[in-house]
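One structure is given below, encoded as C-alpha cells.
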Amino acid sequence: MTLLSKLNNFLADRFNYYLTLTVSGLVLALLVLAILNLGSRPHVKSIYFEGGATQLTTVLAPKLLIDFAQPMDRQSVEDALLLSPAVEFDTSWSLNKLQIKFKYNLDSGTNYHLQIGDQAKDIFGTQIAPVVDFSFTTPELSFVYLERNSREYQPDRIIRYFIGANTEKVLYSADNIIGFTENDNYLVVAVRTDSGSALRIVDFKQDSFVTLDWGGDNLLVGKVHMSPVADQIAFTAQVVEMVNGIAVPKTA
C-alpha cells in the first residue's frame, strides 16, 4: 500500500468518526428534548404588544408577540390562529416567538379576541394545552381641546371628546389657562398666576387625579410640549415683572 493510499484511508476513517460523533450528538440532543417535552405540554408563556404592553394605546397597525415555551410546528400554529373581528395580518418567527403584524389600522373602541386552537402542535406533534384565549380592546378615538370661559366665575376647561361615543370628559379646569400638552400618562397645564405662571401636572395613572404644582415667580410659561414616547416636557418661559399688580414681560 502506497503512502498516498494510507493517507486517504486515514482521512476517510477520521471523517467517518467525526460524522458518526456528530450524528450521535444530534440524536442524543433530540432524545433529551423529547424526554423534557414529555413532562410539559406546549403552552404560551406570554402575549404582549410591541413595547411590552398587554393593552393597546394606539390603533395604528400594531404588532402582537406570542412567546411559546417549546419549539413549535410553525405551520400548525399559524393554521390554528383565529382573530375576531377578522383582520388581515402577517406572521414572522424568531426562535419560539411568533410576531403578528396587523396589515391595517384596527377599529377604535373595539373588543378583539385572539384564539390559538388545539390543532397547534410543537415539533414533536404534541398538541398545545391549554387553548390560548387573549382579548384586548382598542382605545376610542378622541381629541383634547381647551375651552375658554370668559364669563365671570367660569374657569377654563381642558376637555377630552370621544368621537364614537359622542361624550366628553373634563380633564382639568382652572382660571387663566395659558396652554397644555398631554400623552397617555400625564396632562401638563400652564396656568397664569398673580406673580407669573405655574405648570400643573395631572397624573392619569392614578385612580383619582393627582395635581402637582411646579412653577416660578416672575416667570411666564409660553408654549408647552411633551414627547409622545417619553414623559419629557419642554417649554418656553419669559421673565416678567409686576406692573400695577399685573405680571408683564420684563424689558431689558
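The chains in the C-alpha cells are called A, B, ... from first to last as shown; in each chain the residues are counted from 1, and the ligands are counted from 1 in the order shown.
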Self-check item: Long-range neighbours of region 156-167 of chain A as an NGL selection string, 6 Å cut-off, only C-alpha atoms, 5 positions minimum in chain
Solution: :A and (141-149 or 172-175)
Those residues with N, CA and C atoms, as a short mmCIF file (atom, residue, chain, number, x, y, z; two decimals), in the first residue's frame please?
data_model
loop_
_atom_site.label_atom_id
_atom_site.label_comp_id
_atom_site.auth_asym_id
_atom_site.auth_seq_id
_atom_site.Cartn_x
_atom_site.Cartn_y
_atom_site.Cartn_z
N LEU A 141 -61.26 56.71 19.66
CA LEU A 141 -60.71 57.92 19.06
C LEU A 141 -61.20 59.14 19.83
N SER A 142 -60.28 60.02 20.15
CA SER A 142 -60.65 61.21 20.91
C SER A 142 -59.67 62.33 20.61
N PHE A 143 -60.05 63.53 20.98
CA PHE A 143 -59.13 64.65 20.90
C PHE A 143 -59.34 65.53 22.13
N VAL A 144 -58.31 66.29 22.47
CA VAL A 144 -58.34 67.14 23.66
C VAL A 144 -58.29 68.60 23.22
N TYR A 145 -59.12 69.43 23.83
CA TYR A 145 -59.13 70.84 23.47
C TYR A 145 -59.32 71.71 24.71
N LEU A 146 -58.97 72.97 24.56
CA LEU A 146 -59.10 73.95 25.63
C LEU A 146 -60.34 74.80 25.38
N GLU A 147 -61.24 74.80 26.35
CA GLU A 147 -62.45 75.62 26.28
C GLU A 147 -62.26 76.82 27.20
N ARG A 148 -62.20 78.00 26.61
CA ARG A 148 -62.02 79.21 27.41
C ARG A 148 -63.38 79.78 27.78
N ASN A 149 -63.53 80.11 29.05
CA ASN A 149 -64.77 80.69 29.55
C ASN A 149 -64.48 82.09 30.06
N TYR A 172 -59.23 68.87 33.30
CA TYR A 172 -58.69 69.86 34.23
C TYR A 172 -59.42 71.17 34.02
N SER A 173 -59.58 71.92 35.10
CA SER A 173 -60.20 73.25 34.99
C SER A 173 -59.47 74.21 35.92
N ALA A 174 -59.30 75.43 35.47
CA ALA A 174 -58.63 76.46 36.26
C ALA A 174 -58.83 77.80 35.57
N ASP A 175 -58.62 78.86 36.33
CA ASP A 175 -58.67 80.19 35.75
C ASP A 175 -57.39 80.47 34.96
#
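Using only C-alpha atoms, the smallest distance between any of A:Pro71, A:Pro155, A:Gly179, A:Gly51 and Ala120 (chain A) comes from A:Pro71.
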Practice problem: Assign secondary structure with DSSP using the backbone only, and return the residues of region 24-138 of chain A in strand (DSSP E) as JSON, numbers by chain. | Solution: {"A": [44, 45, 46, 47, 48, 49, 63, 64, 65, 66, 67, 68, 81, 82, 83, 84, 89, 90, 91, 92, 93, 94, 97, 98, 99, 100, 101, 102, 111, 112, 113, 114, 115, 116, 132, 133, 134, 135, 136, 137]}
Practice problem: Enumerate the residues of region 5-180 of chain A with a DSSP assignment of helix (DSSP H, G or I), computed from the backbone, and present them as a PyMOL selection string. | Solution: chain A and resi 5-38+74-80
Practice problem: Could you give me, as a ChimeraX atom specification, the residues within 10 Å of region 103-107 of chain A, counting only C-alpha atoms and dropping anything in the same chain fewer than 5 positions from it? | Solution: /A:58-63,85,87-90,112,137-141
Write to file, as a CSV table (one decimal), in the first residue's frame, the residues of the selection just made, with all heavy atoms.
chain,number,residue,atom,x,y,z
A,58,THR,N,-52.9,52.6,21.0
A,58,THR,CA,-53.0,53.1,19.6
A,58,THR,C,-53.7,52.1,18.7
A,58,THR,O,-53.7,50.9,19.1
A,58,THR,CB,-51.6,53.4,19.0
A,58,THR,OG1,-51.8,53.9,17.7
A,58,THR,CG2,-50.7,52.2,19.0
A,59,VAL,N,-54.3,52.5,17.6
A,59,VAL,CA,-54.9,51.6,16.7
A,59,VAL,C,-54.1,51.5,15.4
A,59,VAL,O,-54.5,50.9,14.4
A,59,VAL,CB,-56.3,52.1,16.3
A,59,VAL,CG1,-57.2,52.1,17.6
A,59,VAL,CG2,-56.3,53.5,15.7
A,60,LEU,N,-52.9,52.1,15.4
A,60,LEU,CA,-52.1,52.2,14.2
A,60,LEU,C,-51.3,50.9,13.9
A,60,LEU,O,-50.1,50.8,14.4
A,60,LEU,CB,-51.2,53.4,14.2
A,60,LEU,CG,-51.9,54.8,14.5
A,60,LEU,CD1,-50.9,55.9,14.6
A,60,LEU,CD2,-52.9,55.0,13.4
A,61,ALA,N,-51.8,50.0,13.2
A,61,ALA,CA,-51.2,48.8,12.7
A,61,ALA,C,-50.2,48.2,13.8
A,61,ALA,O,-49.0,48.1,13.5
A,61,ALA,CB,-50.4,49.0,11.4
A,62,PRO,N,-50.7,47.8,14.9
A,62,PRO,CA,-49.8,47.3,16.0
A,62,PRO,C,-49.2,45.9,15.7
A,62,PRO,O,-49.6,45.2,14.8
A,62,PRO,CB,-50.7,47.2,17.2
A,62,PRO,CG,-52.1,47.0,16.6
A,62,PRO,CD,-52.1,47.7,15.3
A,63,LYS,N,-48.2,45.6,16.5
A,63,LYS,CA,-47.6,44.2,16.4
A,63,LYS,C,-47.8,43.5,17.8
A,63,LYS,O,-47.6,44.0,18.8
A,63,LYS,CB,-46.1,44.4,16.2
A,63,LYS,CG,-45.7,45.0,14.9
A,63,LYS,CD,-44.2,45.2,14.8
A,63,LYS,CE,-43.8,45.9,13.5
A,63,LYS,NZ,-42.3,46.1,13.4
A,85,PRO,N,-63.0,40.5,15.8
A,85,PRO,CA,-63.4,40.5,14.3
A,85,PRO,C,-62.2,40.2,13.5
A,85,PRO,O,-61.0,40.5,13.8
A,85,PRO,CB,-63.9,41.9,14.2
A,85,PRO,CG,-64.2,42.5,15.5
A,85,PRO,CD,-63.2,41.8,16.4
A,87,VAL,N,-59.2,40.4,10.9
A,87,VAL,CA,-58.3,41.4,10.5
A,87,VAL,C,-57.2,40.7,9.7
A,87,VAL,O,-56.7,39.7,10.2
A,87,VAL,CB,-57.7,42.2,11.7
A,87,VAL,CG1,-56.8,43.3,11.1
A,87,VAL,CG2,-58.8,42.9,12.5
A,88,GLU,N,-56.7,41.3,8.6
A,88,GLU,CA,-55.6,40.7,7.9
A,88,GLU,C,-54.3,41.0,8.6
A,88,GLU,O,-54.1,42.1,9.2
A,88,GLU,CB,-55.5,41.3,6.5
A,88,GLU,CG,-56.7,40.8,5.6
A,88,GLU,CD,-56.4,41.3,4.1
A,88,GLU,OE1,-55.3,41.2,3.7
A,88,GLU,OE2,-57.4,41.7,3.5
A,89,PHE,N,-53.4,40.0,8.7
A,89,PHE,CA,-52.1,40.2,9.3
A,89,PHE,C,-51.1,39.3,8.7
A,89,PHE,O,-51.3,38.3,8.0
A,89,PHE,CB,-52.2,39.9,10.8
A,89,PHE,CG,-52.8,38.5,11.1
A,89,PHE,CD1,-51.9,37.4,11.2
A,89,PHE,CD2,-54.1,38.3,11.4
A,89,PHE,CE1,-52.4,36.1,11.4
A,89,PHE,CE2,-54.6,37.0,11.7
A,89,PHE,CZ,-53.7,35.9,11.7
A,90,ASP,N,-49.8,39.7,8.9
A,90,ASP,CA,-48.6,38.9,8.5
A,90,ASP,C,-48.0,38.3,9.8
A,90,ASP,O,-48.1,38.8,10.9
A,90,ASP,CB,-47.6,39.8,7.8
A,90,ASP,CG,-48.1,40.3,6.5
A,90,ASP,OD1,-48.8,39.5,5.8
A,90,ASP,OD2,-47.9,41.5,6.1
A,112,TYR,N,-61.3,42.9,20.6
A,112,TYR,CA,-60.8,41.9,19.8
A,112,TYR,C,-60.5,40.6,20.6
A,112,TYR,O,-60.1,40.7,21.7
A,112,TYR,CB,-59.5,42.4,19.1
A,112,TYR,CG,-59.8,43.3,17.9
A,112,TYR,CD1,-59.8,44.7,18.2
A,112,TYR,CD2,-59.9,42.9,16.6
A,112,TYR,CE1,-60.1,45.6,17.2
A,112,TYR,CE2,-60.2,43.8,15.6
A,112,TYR,CZ,-60.2,45.2,15.9
A,112,TYR,OH,-60.5,46.1,14.9
A,137,THR,N,-58.8,45.4,24.0
A,137,THR,CA,-59.7,46.5,23.5
A,137,THR,C,-58.9,47.7,23.0
A,137,THR,O,-58.0,48.1,23.6
A,137,THR,CB,-60.6,46.9,24.6
A,137,THR,OG1,-61.3,45.8,25.2
A,137,THR,CG2,-61.6,48.0,24.2
A,138,THR,N,-59.2,48.1,21.8
A,138,THR,CA,-58.6,49.3,21.2
A,138,THR,C,-59.1,50.6,21.9
A,138,THR,O,-60.3,50.6,22.2
A,138,THR,CB,-58.7,49.3,19.7
A,138,THR,OG1,-60.1,49.3,19.4
A,138,THR,CG2,-58.0,48.2,19.1
A,139,PRO,N,-58.3,51.6,22.0
A,139,PRO,CA,-58.8,52.9,22.6
A,139,PRO,C,-59.8,53.6,21.7
A,139,PRO,O,-59.7,53.4,20.4
A,139,PRO,CB,-57.5,53.7,22.8
A,139,PRO,CG,-56.6,53.1,21.8
A,139,PRO,CD,-56.9,51.7,21.7
A,140,GLU,N,-60.7,54.3,22.3
A,140,GLU,CA,-61.6,55.1,21.5
A,140,GLU,C,-60.9,56.3,20.9
A,140,GLU,O,-60.0,56.9,21.5
A,140,GLU,CB,-62.8,55.6,22.3
A,140,GLU,CG,-63.7,54.5,22.8
A,140,GLU,CD,-64.9,55.1,23.5
A,140,GLU,OE1,-65.7,55.9,22.9
A,140,GLU,OE2,-65.1,54.9,24.7
A,141,LEU,N,-61.3,56.7,19.7
A,141,LEU,CA,-60.7,57.9,19.1
A,141,LEU,C,-61.2,59.1,19.8
A,141,LEU,O,-62.4,59.3,20.1
A,141,LEU,CB,-61.1,58.0,17.6
A,141,LEU,CG,-60.4,57.1,16.6
A,141,LEU,CD1,-60.9,57.3,15.2
A,141,LEU,CD2,-58.9,57.2,16.7
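Straight-line separation from CA of Phe124 (chain A) to CA of Ser46 (chain A): 21.2 Å.
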Exercise. Mind checking which residues fall within 6 Å of region 94-101 of chain A, counting only C-alpha atoms, ignoring those fewer than 6 positions away in the same chain, and posting them as a ChimeraX atom specification?
Key: /A:63-68,71
Self-check item: One-decimal distance in Å that lies between CA of Val44 (chain A) and CA of Leu82 (chain A)
Solution: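 These atoms are spaced 15.5 Å apart.
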